$ cat run-v2.pdb   # PDB, C-alpha atoms
ATOM      1  CA  MET A 587       4.959 -38.124 -76.732
ATOM      2  CA  THR A 588       4.250 -34.456 -76.098
ATOM      3  CA  LYS A 589       0.486 -34.988 -76.257
ATOM      4  CA  ARG A 590       0.720 -37.980 -73.915
ATOM      5  CA  LEU A 591       2.822 -36.013 -71.421
ATOM      6  CA  LEU A 592       0.376 -33.117 -71.574
ATOM      7  CA  ALA A 593      -2.555 -35.441 -70.871
ATOM      8  CA  VAL A 594      -0.763 -36.962 -67.874
ATOM      9  CA  MET A 595       0.119 -33.537 -66.476
ATOM     10  CA  THR A 596      -3.454 -32.347 -66.929
ATOM     11  CA  GLY A 597      -4.732 -35.378 -65.039
ATOM     12  CA  ILE A 598      -2.294 -34.800 -62.171
ATOM     13  CA  ILE A 599      -3.307 -31.158 -61.885
ATOM     14  CA  ALA A 600      -7.007 -32.142 -61.861
ATOM     15  CA  VAL A 601      -6.437 -34.689 -59.099
ATOM     16  CA  ILE A 602      -4.458 -32.193 -57.013
ATOM     17  CA  GLY A 603      -7.172 -29.596 -57.471
ATOM     18  CA  LEU A 604      -9.913 -32.044 -56.531
ATOM     19  CA  SER A 605      -8.073 -33.287 -53.448
ATOM     20  CA  GLY A 606      -7.506 -29.674 -52.390
ATOM     21  CA  MET A 607     -11.223 -28.961 -52.671
ATOM     22  CA  VAL A 608     -12.064 -32.085 -50.658
ATOM     23  CA  ALA A 609      -9.549 -31.119 -47.951
ATOM     24  CA  ALA A 610     -10.922 -27.577 -47.759
ATOM     25  CA  SER A 611     -14.461 -28.941 -47.495
ATOM     26  CA  ALA A 612     -13.440 -31.390 -44.777
ATOM     27  CA  ASN A 613     -11.682 -28.670 -42.793
ATOM     28  CA  ALA A 614     -14.560 -26.179 -43.011
ATOM     29  CA  ALA A 615     -16.292 -25.794 -39.648
ATOM     30  CA  PRO A 616     -19.946 -26.899 -39.647
ATOM     31  CA  ARG A 617     -22.509 -24.157 -39.352
ATOM     32  CA  ILE A 618     -24.091 -23.626 -35.927
ATOM     33  CA  GLY A 619     -27.833 -24.212 -35.779
ATOM     34  CA  LEU A 620     -29.739 -21.317 -34.161
ATOM     35  CA  GLY A 621     -33.400 -20.527 -33.679
ATOM     36  CA  GLY A 622     -35.785 -18.787 -31.337
ATOM     37  CA  GLY A 623     -34.927 -19.738 -27.741
ATOM     38  CA  ALA A 624     -31.194 -20.254 -28.306
ATOM     39  CA  GLY A 625     -28.667 -18.911 -25.813
ATOM     40  CA  ILE A 626     -26.330 -16.223 -27.148
ATOM     41  CA  ILE A 627     -23.279 -14.577 -25.592
ATOM     42  CA  ILE A 628     -22.984 -10.861 -26.243
ATOM     43  CA  ASN A 629     -19.689  -8.990 -26.007
ATOM     44  CA  ASN A 630     -18.262 -11.844 -23.914
ATOM     45  CA  SER A 631     -20.141 -10.413 -20.931
ATOM     46  CA  SER A 632     -23.871 -11.156 -20.997
ATOM     47  CA  VAL A 633     -25.883 -14.238 -21.859
ATOM     48  CA  CYS A 634     -29.372 -13.723 -23.244
ATOM     49  CA  THR A 635     -31.861 -15.479 -25.509
ATOM     50  CA  LEU A 636     -32.397 -15.164 -29.245
ATOM     51  CA  THR A 637     -35.983 -14.169 -29.989
ATOM     52  CA  ALA A 638     -36.098 -15.302 -33.592
ATOM     53  CA  ILE A 639     -33.977 -15.618 -36.710
ATOM     54  CA  GLY A 640     -34.780 -14.920 -40.336
ATOM     55  CA  HIS A 641     -34.037 -12.543 -43.188
ATOM     56  CA  ASP A 642     -34.673  -8.856 -43.755
ATOM     57  CA  SER A 643     -35.899  -7.261 -46.962
ATOM     58  CA  ALA A 644     -32.330  -7.167 -48.310
ATOM     59  CA  GLY A 645     -31.874 -10.907 -47.727
ATOM     60  CA  ARG A 646     -29.466 -10.524 -44.804
ATOM     61  CA  LEU A 647     -29.519 -13.190 -42.090
ATOM     62  CA  VAL A 648     -30.679 -11.399 -38.943
ATOM     63  CA  GLY A 649     -32.059 -12.095 -35.494
ATOM     64  CA  LEU A 650     -33.636 -10.251 -32.570
ATOM     65  CA  THR A 651     -32.944 -10.117 -28.839
ATOM     66  CA  ALA A 652     -33.494  -7.694 -25.938
ATOM     67  CA  ALA A 653     -31.766  -4.294 -26.199
ATOM     68  CA  HIS A 654     -30.800  -4.222 -22.525
ATOM     69  CA  CYS A 655     -28.527  -7.174 -23.354
ATOM     70  CA  ALA A 656     -26.748  -5.563 -26.276
ATOM     71  CA  GLU A 657     -25.126  -2.398 -27.538
ATOM     72  CA  THR A 658     -24.569  -1.526 -31.188
ATOM     73  CA  GLY A 659     -21.314  -3.084 -32.377
ATOM     74  CA  ASP A 660     -21.235  -5.887 -29.801
ATOM     75  CA  ALA A 661     -19.909  -9.244 -30.980
ATOM     76  CA  VAL A 662     -22.236 -12.248 -30.704
ATOM     77  CA  ARG A 663     -21.342 -15.892 -30.057
ATOM     78  CA  ALA A 664     -23.496 -18.990 -29.750
ATOM     79  CA  GLU A 665     -23.634 -20.184 -26.150
ATOM     80  CA  LYS A 666     -23.567 -23.853 -27.180
ATOM     81  CA  ALA A 667     -20.479 -23.293 -29.352
ATOM     82  CA  ALA A 668     -18.711 -20.333 -27.753
ATOM     83  CA  GLY A 669     -15.348 -21.691 -28.804
ATOM     84  CA  SER A 670     -16.313 -21.340 -32.457
ATOM     85  CA  GLY A 671     -15.851 -17.594 -32.192
ATOM     86  CA  VAL A 672     -17.903 -14.624 -33.337
ATOM     87  CA  ILE A 673     -20.908 -15.511 -35.481
ATOM     88  CA  GLY A 674     -22.608 -12.123 -35.682
ATOM     89  CA  GLN A 675     -22.718  -8.494 -34.609
ATOM     90  CA  VAL A 676     -25.335  -6.227 -33.066
ATOM     91  CA  THR A 677     -26.223  -3.623 -35.701
ATOM     92  CA  SER A 678     -28.756  -1.597 -33.692
ATOM     93  CA  SER A 679     -30.125  -1.454 -30.158
ATOM     94  CA  ASN A 680     -33.451   0.265 -29.482
ATOM     95  CA  LYS A 681     -33.714   0.948 -25.746
ATOM     96  CA  TYR A 682     -37.237   2.393 -25.922
ATOM     97  CA  TRP A 683     -38.800  -0.767 -27.348
ATOM     98  CA  ASP A 684     -36.063  -2.929 -25.794
ATOM     99  CA  TYR A 685     -35.092  -4.862 -28.907
ATOM    100  CA  ALA A 686     -31.778  -5.278 -30.689
ATOM    101  CA  VAL A 687     -30.953  -6.506 -34.189
ATOM    102  CA  ILE A 688     -28.137  -8.976 -34.827
ATOM    103  CA  ARG A 689     -26.650  -9.580 -38.255
ATOM    104  CA  PHE A 690     -25.391 -13.153 -38.500
ATOM    105  CA  ASP A 691     -22.729 -14.597 -40.748
ATOM    106  CA  PRO A 692     -24.582 -17.107 -42.993
ATOM    107  CA  ALA A 693     -21.331 -19.026 -43.476
ATOM    108  CA  LYS A 694     -21.298 -19.751 -39.733
ATOM    109  CA  VAL A 695     -24.990 -19.943 -38.798
ATOM    110  CA  GLU A 696     -27.683 -22.331 -39.947
ATOM    111  CA  PRO A 697     -31.063 -20.708 -39.221
ATOM    112  CA  GLN A 698     -33.662 -23.116 -37.852
ATOM    113  CA  ARG A 699     -37.400 -22.644 -37.800
ATOM    114  CA  ASN A 700     -37.768 -25.390 -35.210
ATOM    115  CA  TYR A 701     -35.327 -25.121 -32.325
ATOM    116  CA  ARG A 702     -35.434 -27.415 -29.291
ATOM    117  CA  GLY A 703     -39.068 -28.236 -29.981
ATOM    118  CA  LEU A 704     -40.242 -24.650 -30.482
ATOM    119  CA  THR A 705     -41.582 -23.846 -33.949
ATOM    120  CA  LEU A 706     -42.284 -20.232 -34.848
ATOM    121  CA  GLY A 707     -45.042 -20.334 -37.440
ATOM    122  CA  GLY A 708     -45.450 -16.648 -38.163
ATOM    123  CA  PHE A 709     -46.396 -13.548 -36.178
ATOM    124  CA  GLY A 710     -49.440 -13.163 -33.952
ATOM    125  CA  PRO A 711     -51.358 -10.259 -32.378
ATOM    126  CA  GLN A 712     -50.962  -8.938 -28.851
ATOM    127  CA  PRO A 713     -52.475 -11.624 -26.585
ATOM    128  CA  ALA A 714     -55.688 -10.811 -24.779
ATOM    129  CA  PHE A 715     -56.309 -10.902 -21.050
ATOM    130  CA  GLY A 716     -56.779 -14.486 -19.907
ATOM    131  CA  GLN A 717     -55.011 -16.097 -22.845
ATOM    132  CA  ASN A 718     -52.285 -18.631 -22.240
ATOM    133  CA  ALA A 719     -48.870 -17.622 -23.595
ATOM    134  CA  CYS A 720     -45.566 -19.468 -23.507
ATOM    135  CA  LYS A 721     -41.954 -18.393 -23.547
ATOM    136  CA  ALA A 722     -38.762 -20.270 -24.437
ATOM    137  CA  GLY A 723     -35.692 -19.010 -22.572
ATOM    138  CA  ARG A 724     -32.158 -20.369 -22.335
ATOM    139  CA  THR A 725     -32.293 -20.364 -18.511
ATOM    140  CA  THR A 726     -35.711 -21.657 -17.478
ATOM    141  CA  GLY A 727     -36.713 -23.349 -20.719
ATOM    142  CA  THR A 728     -40.213 -23.414 -22.173
ATOM    143  CA  ASN A 729     -43.189 -22.831 -19.897
ATOM    144  CA  CYS A 730     -46.535 -21.065 -20.076
ATOM    145  CA  GLY A 731     -48.725 -18.737 -18.073
ATOM    146  CA  VAL A 732     -51.921 -16.758 -18.223
ATOM    147  CA  VAL A 733     -51.795 -13.170 -19.491
ATOM    148  CA  TRP A 734     -52.822 -11.011 -16.545
ATOM    149  CA  GLY A 735     -52.674  -7.627 -18.202
ATOM    150  CA  THR A 736     -52.629  -6.279 -21.715
ATOM    151  CA  ASP A 737     -53.227  -2.910 -23.308
ATOM    152  CA  PRO A 738     -53.724  -2.544 -27.090
ATOM    153  CA  GLU A 739     -52.314   0.989 -26.830
ATOM    154  CA  SER A 740     -49.176  -0.135 -25.016
ATOM    155  CA  PRO A 741     -46.220  -2.133 -26.361
ATOM    156  CA  THR A 742     -46.000  -4.264 -23.222
ATOM    157  CA  PHE A 743     -48.111  -6.952 -21.643
ATOM    158  CA  THR A 744     -47.585  -8.950 -18.468
ATOM    159  CA  LEU A 745     -47.583 -12.706 -18.009
ATOM    160  CA  ASN A 746     -48.063 -14.451 -14.732
ATOM    161  CA  GLN A 747     -46.707 -17.934 -14.097
ATOM    162  CA  SER A 748     -44.509 -17.790 -17.175
ATOM    163  CA  CYS A 749     -41.289 -18.505 -15.321
ATOM    164  CA  SER A 750     -38.209 -16.458 -16.245
ATOM    165  CA  ASN A 751     -34.842 -15.584 -14.754
ATOM    166  CA  HIS A 752     -31.530 -14.022 -15.727
ATOM    167  CA  GLY A 753     -30.537 -15.048 -19.241
ATOM    168  CA  ASP A 754     -34.127 -15.417 -20.469
ATOM    169  CA  SER A 755     -34.205 -11.809 -21.701
ATOM    170  CA  GLY A 756     -35.062 -11.745 -25.387
ATOM    171  CA  ALA A 757     -36.908 -15.064 -25.233
ATOM    172  CA  PRO A 758     -39.702 -15.553 -27.777
ATOM    173  CA  VAL A 759     -43.222 -15.336 -26.356
ATOM    174  CA  VAL A 760     -45.697 -17.413 -28.334
ATOM    175  CA  VAL A 761     -49.391 -18.188 -28.561
ATOM    176  CA  ASP A 762     -50.317 -21.240 -30.656
ATOM    177  CA  ASN A 763     -46.816 -21.246 -32.220
ATOM    178  CA  LYS A 764     -47.207 -17.641 -33.346
ATOM    179  CA  LEU A 765     -44.553 -15.192 -32.165
ATOM    180  CA  VAL A 766     -46.352 -12.472 -30.199
ATOM    181  CA  GLY A 767     -43.616 -10.872 -28.136
ATOM    182  CA  LEU A 768     -40.060 -10.510 -26.894
ATOM    183  CA  LEU A 769     -39.400 -11.109 -23.202
ATOM    184  CA  ASN A 770     -37.968  -8.045 -21.449
ATOM    185  CA  GLY A 771     -37.789  -9.209 -17.832
ATOM    186  CA  GLY A 772     -39.757  -9.167 -14.598
ATOM    187  CA  ARG A 773     -41.814  -6.389 -13.097
ATOM    188  CA  ILE A 774     -41.039  -5.219  -9.586
ATOM    189  CA  PHE A 775     -44.040  -4.166  -7.515
ATOM    190  CA  LYS A 776     -42.962  -1.516  -5.011
ATOM    191  CA  ASN A 777     -44.666  -0.296  -1.842
ATOM    192  CA  ILE A 778     -47.611  -2.689  -2.194
ATOM    193  CA  GLY A 779     -50.746  -1.162  -0.674
ATOM    194  CA  GLY A 780     -48.652   1.527   0.995
ATOM    195  CA  THR A 781     -47.037  -1.077   3.214
ATOM    196  CA  GLY A 782     -43.509  -0.379   2.015
ATOM    197  CA  LEU A 783     -43.195  -3.974   0.871
ATOM    198  CA  ASN A 784     -41.764  -4.836  -2.527
ATOM    199  CA  PHE A 785     -42.643  -7.873  -4.594
ATOM    200  CA  ASP A 786     -39.645  -9.045  -6.596
ATOM    201  CA  ILE A 787     -39.432 -12.810  -6.565
ATOM    202  CA  GLU A 788     -37.460 -14.333  -9.424
ATOM    203  CA  CYS A 789     -38.550 -17.681 -10.743
ATOM    204  CA  ASN A 790     -36.182 -20.596 -10.319
ATOM    205  CA  ASP A 791     -38.764 -23.364 -10.490
ATOM    206  CA  PRO A 792     -41.458 -23.300 -13.216
ATOM    207  CA  GLY A 793     -43.598 -25.464 -10.921
ATOM    208  CA  ASN A 794     -43.756 -22.709  -8.298
ATOM    209  CA  PRO A 795     -46.534 -20.201  -9.154
ATOM    210  CA  VAL A 796     -45.276 -17.579  -6.703
ATOM    211  CA  HIS A 797     -43.010 -15.285  -8.706
ATOM    212  CA  VAL A 798     -42.994 -11.866 -10.286
ATOM    213  CA  PRO A 799     -44.896 -11.508 -13.601
ATOM    214  CA  THR A 800     -42.838 -11.060 -16.731
ATOM    215  CA  LEU A 801     -42.929  -8.123 -19.134
ATOM    216  CA  SER A 802     -42.760  -8.466 -22.899
ATOM    217  CA  THR A 803     -42.810  -6.147 -25.903
ATOM    218  CA  GLY A 804     -45.395  -7.019 -28.555
ATOM    219  CA  ILE A 805     -43.675  -8.241 -31.719
ATOM    220  CA  ASN A 806     -45.879  -6.139 -33.982
ATOM    221  CA  TYR A 807     -44.649  -2.947 -32.282
ATOM    222  CA  ILE A 808     -41.096  -4.070 -32.951
ATOM    223  CA  LEU A 809     -41.798  -4.905 -36.603
ATOM    224  CA  LYS A 810     -43.564  -1.595 -37.155
ATOM    225  CA  ASP A 811     -40.629   0.301 -35.695
ATOM    226  CA  LEU A 812     -38.103  -1.723 -37.697
ATOM    227  CA  ASN A 813     -39.987  -1.228 -40.941
ATOM    228  CA  GLY A 814     -40.084   2.514 -40.368
ATOM    229  CA  HIS A 815     -36.319   2.728 -40.754
ATOM    230  CA  ASN A 816     -34.021   1.777 -43.585
ATOM    231  CA  ILE A 817     -31.685  -0.308 -41.411
ATOM    232  CA  VAL A 818     -30.477  -3.876 -41.085
ATOM    233  CA  GLY A 819     -33.527  -5.885 -40.028
ATOM    234  CA  SER A 820     -36.145  -3.818 -41.873
ATOM    235  CA  GLY A 821     -38.710  -6.121 -43.440
ATOM    236  CA  PHE A 822     -37.828  -8.916 -41.016
ATOM    237  CA  ARG A 823     -39.444 -12.240 -41.770
ATOM    238  CA  LEU A 824     -39.056 -15.536 -39.975
ATOM    239  CA  ILE A 825     -37.066 -18.373 -41.473
TER     240      ILE A 825
END
$ encode --input "run-v2.pdb" --output "structure tokens"
Amino acid sequence: MTKRLLAVMTGIIAVIGLSGMVAASANAAPRIGLGGGAGIIINNSSVCTLTAIGHDSAGRLVGLTAAHCAETGDAVRAEKAAGSGVIGQVTSSNKYWDYAVIRFDPAKVEPQRNYRGLTLGGFGPQPAFGQNACKAGRTTGTNCGVVWGTDPESPTFTLNQSCSNHGDSGAPVVVDNKLVGLLNGGRIFKNIGGTGLNFDIECNDPGNPVHVPTLSTGINYILKDLNGHNIVGSGFRLI
């Protein structure tokens, strides 16, 4: 009788334990899919674009965006699931190179190599003059434009006809699916030809070629700077 009672009690405990595990699994919030080109909300105040997501040399889940969007310590939310709460935190913000590192919570974020049709298949060199480069921003989407100016000694290059507007900062800039840069913003041309005129036309329509060129930081400058410091993000590699 004692052995039979013990067996029954053991079975009941096992069932309760199993049902508890199933309930916990059912109640767990699904992870939010993020990849290069995703909209992110920083410190509940600014909306920018995630450049890329991956892991650093320590295996931490990290991402990049523009530094003028983020300060160290800022909380990060996913724009498409803002109600899900904080999913990461800005761990460093380099104003000189205009890039920031975000450490994501792997329990809340599912990193995606292909996001909204954009696949980041590795890193590429600074694009040359005349090459076609594309950017994927949360505001104006994915569009391409010729590279009007580039300097191998400078971290920045300009793109014309690659449409961008507020919220696109941090967007990945790609050539042949290789990540080549991080979108910083638009260049303002002042006092053109001594006329006192300024050229600062934001792009609202990718089909309209008349807009200010965009500025981007070459990804290899960012990686070199990151790898020169023992910080979160060092040894960054794409998912």
$ closest_atom_pairs --input "run-v2.pdb" --of "region 719-772 of chain A" --to "region 804-810 of chain A" --cutoff "6 Å" --atoms "all atoms listed in the file" --output "tab-separated table"
residue	atom	partner	partner_atom	distance
A:Pro741	CA	A:Gly804	CA	5.4
A:Val766	CA	A:Ile805	CA	5.2
A:Gly767	CA	A:Gly804	CA	4.3
$ residues_near_point --input "run-v2.pdb" --point "(-29.5, -5.2, -43.4)" --cutoff "10 Å" --atoms "all atoms listed in the file" --output "number ranges by chain"
A: 641-648, 677, 687-689, 816-822
$ atom_distance --input "run-v2.pdb" --atom1 "CA of Phe743 (chain A)" --atom2 "CA of Gly771 (chain A)"
11.2 Å
$ residues_around --input "run-v2.pdb" --residues "Asn680 (chain A)" --least-positions-apart "4" --cutoff "9 Å" --atoms "only C-alpha atoms" --output "MDAnalysis selection string"
chainID A and resid 652:654 657 684:687
$ atom_distance --input "run-v2.pdb" --atom1 "CA of Gln675 (chain A)" --atom2 "CA of Ala615 (chain A)"
19.1 Å
$ resolve_selection --input "run-v2.pdb" --expression "the PyMOL selection byres ((chain A and resi 749) around 12)" --output "mmCIF file with C-alpha atoms, in the coordinates of the input"
data_model
loop_
_atom_site.group_PDB
_atom_site.id
_atom_site.type_symbol
_atom_site.label_atom_id
_atom_site.label_comp_id
_atom_site.auth_asym_id
_atom_site.auth_seq_id
_atom_site.Cartn_x
_atom_site.Cartn_y
_atom_site.Cartn_z
ATOM 1 C CA ALA A 719 -48.870 -17.622 -23.595
ATOM 2 C CA CYS A 720 -45.566 -19.468 -23.507
ATOM 3 C CA LYS A 721 -41.954 -18.393 -23.547
ATOM 4 C CA ALA A 722 -38.762 -20.270 -24.437
ATOM 5 C CA GLY A 723 -35.692 -19.010 -22.572
ATOM 6 C CA ARG A 724 -32.158 -20.369 -22.335
ATOM 7 C CA THR A 725 -32.293 -20.364 -18.511
ATOM 8 C CA THR A 726 -35.711 -21.657 -17.478
ATOM 9 C CA GLY A 727 -36.713 -23.349 -20.719
ATOM 10 C CA THR A 728 -40.213 -23.414 -22.173
ATOM 11 C CA ASN A 729 -43.189 -22.831 -19.897
ATOM 12 C CA CYS A 730 -46.535 -21.065 -20.076
ATOM 13 C CA GLY A 731 -48.725 -18.737 -18.073
ATOM 14 C CA VAL A 732 -51.921 -16.758 -18.223
ATOM 15 C CA THR A 744 -47.585 -8.950 -18.468
ATOM 16 C CA LEU A 745 -47.583 -12.706 -18.009
ATOM 17 C CA ASN A 746 -48.063 -14.451 -14.732
ATOM 18 C CA GLN A 747 -46.707 -17.934 -14.097
ATOM 19 C CA SER A 748 -44.509 -17.790 -17.175
ATOM 20 C CA SER A 750 -38.209 -16.458 -16.245
ATOM 21 C CA ASN A 751 -34.842 -15.584 -14.754
ATOM 22 C CA HIS A 752 -31.530 -14.022 -15.727
ATOM 23 C CA GLY A 753 -30.537 -15.048 -19.241
ATOM 24 C CA ASP A 754 -34.127 -15.417 -20.469
ATOM 25 C CA SER A 755 -34.205 -11.809 -21.701
ATOM 26 C CA ALA A 757 -36.908 -15.064 -25.233
ATOM 27 C CA VAL A 759 -43.222 -15.336 -26.356
ATOM 28 C CA LEU A 769 -39.400 -11.109 -23.202
ATOM 29 C CA GLY A 771 -37.789 -9.209 -17.832
ATOM 30 C CA GLY A 772 -39.757 -9.167 -14.598
ATOM 31 C CA ILE A 787 -39.432 -12.810 -6.565
ATOM 32 C CA GLU A 788 -37.460 -14.333 -9.424
ATOM 33 C CA CYS A 789 -38.550 -17.681 -10.743
ATOM 34 C CA ASN A 790 -36.182 -20.596 -10.319
ATOM 35 C CA ASP A 791 -38.764 -23.364 -10.490
ATOM 36 C CA PRO A 792 -41.458 -23.300 -13.216
ATOM 37 C CA GLY A 793 -43.598 -25.464 -10.921
ATOM 38 C CA ASN A 794 -43.756 -22.709 -8.298
ATOM 39 C CA PRO A 795 -46.534 -20.201 -9.154
ATOM 40 C CA VAL A 796 -45.276 -17.579 -6.703
ATOM 41 C CA HIS A 797 -43.010 -15.285 -8.706
ATOM 42 C CA VAL A 798 -42.994 -11.866 -10.286
ATOM 43 C CA PRO A 799 -44.896 -11.508 -13.601
ATOM 44 C CA THR A 800 -42.838 -11.060 -16.731
ATOM 45 C CA LEU A 801 -42.929 -8.123 -19.134
#
$ resolve_selection --input "run-v2.pdb" --expression "the PyMOL selection byres ((chain A and resi 763) around 12)" --output "PDB file with C-alpha atoms, in the coordinates of the input"
ATOM      1  CA  GLY A 622     -35.785 -18.787 -31.337  1.00  0.00           C
ATOM      2  CA  ARG A 699     -37.400 -22.644 -37.800  1.00  0.00           C
ATOM      3  CA  ASN A 700     -37.768 -25.390 -35.210  1.00  0.00           C
ATOM      4  CA  GLY A 703     -39.068 -28.236 -29.981  1.00  0.00           C
ATOM      5  CA  LEU A 704     -40.242 -24.650 -30.482  1.00  0.00           C
ATOM      6  CA  THR A 705     -41.582 -23.846 -33.949  1.00  0.00           C
ATOM      7  CA  LEU A 706     -42.284 -20.232 -34.848  1.00  0.00           C
ATOM      8  CA  GLY A 707     -45.042 -20.334 -37.440  1.00  0.00           C
ATOM      9  CA  GLY A 708     -45.450 -16.648 -38.163  1.00  0.00           C
ATOM     10  CA  PHE A 709     -46.396 -13.548 -36.178  1.00  0.00           C
ATOM     11  CA  GLY A 710     -49.440 -13.163 -33.952  1.00  0.00           C
ATOM     12  CA  PRO A 711     -51.358 -10.259 -32.378  1.00  0.00           C
ATOM     13  CA  ASN A 718     -52.285 -18.631 -22.240  1.00  0.00           C
ATOM     14  CA  ALA A 719     -48.870 -17.622 -23.595  1.00  0.00           C
ATOM     15  CA  CYS A 720     -45.566 -19.468 -23.507  1.00  0.00           C
ATOM     16  CA  LYS A 721     -41.954 -18.393 -23.547  1.00  0.00           C
ATOM     17  CA  ALA A 722     -38.762 -20.270 -24.437  1.00  0.00           C
ATOM     18  CA  PRO A 758     -39.702 -15.553 -27.777  1.00  0.00           C
ATOM     19  CA  VAL A 759     -43.222 -15.336 -26.356  1.00  0.00           C
ATOM     20  CA  VAL A 760     -45.697 -17.413 -28.334  1.00  0.00           C
ATOM     21  CA  VAL A 761     -49.391 -18.188 -28.561  1.00  0.00           C
ATOM     22  CA  ASP A 762     -50.317 -21.240 -30.656  1.00  0.00           C
ATOM     23  CA  LYS A 764     -47.207 -17.641 -33.346  1.00  0.00           C
ATOM     24  CA  LEU A 765     -44.553 -15.192 -32.165  1.00  0.00           C
ATOM     25  CA  VAL A 766     -46.352 -12.472 -30.199  1.00  0.00           C
ATOM     26  CA  GLY A 767     -43.616 -10.872 -28.136  1.00  0.00           C
TER      27      GLY A 767
END
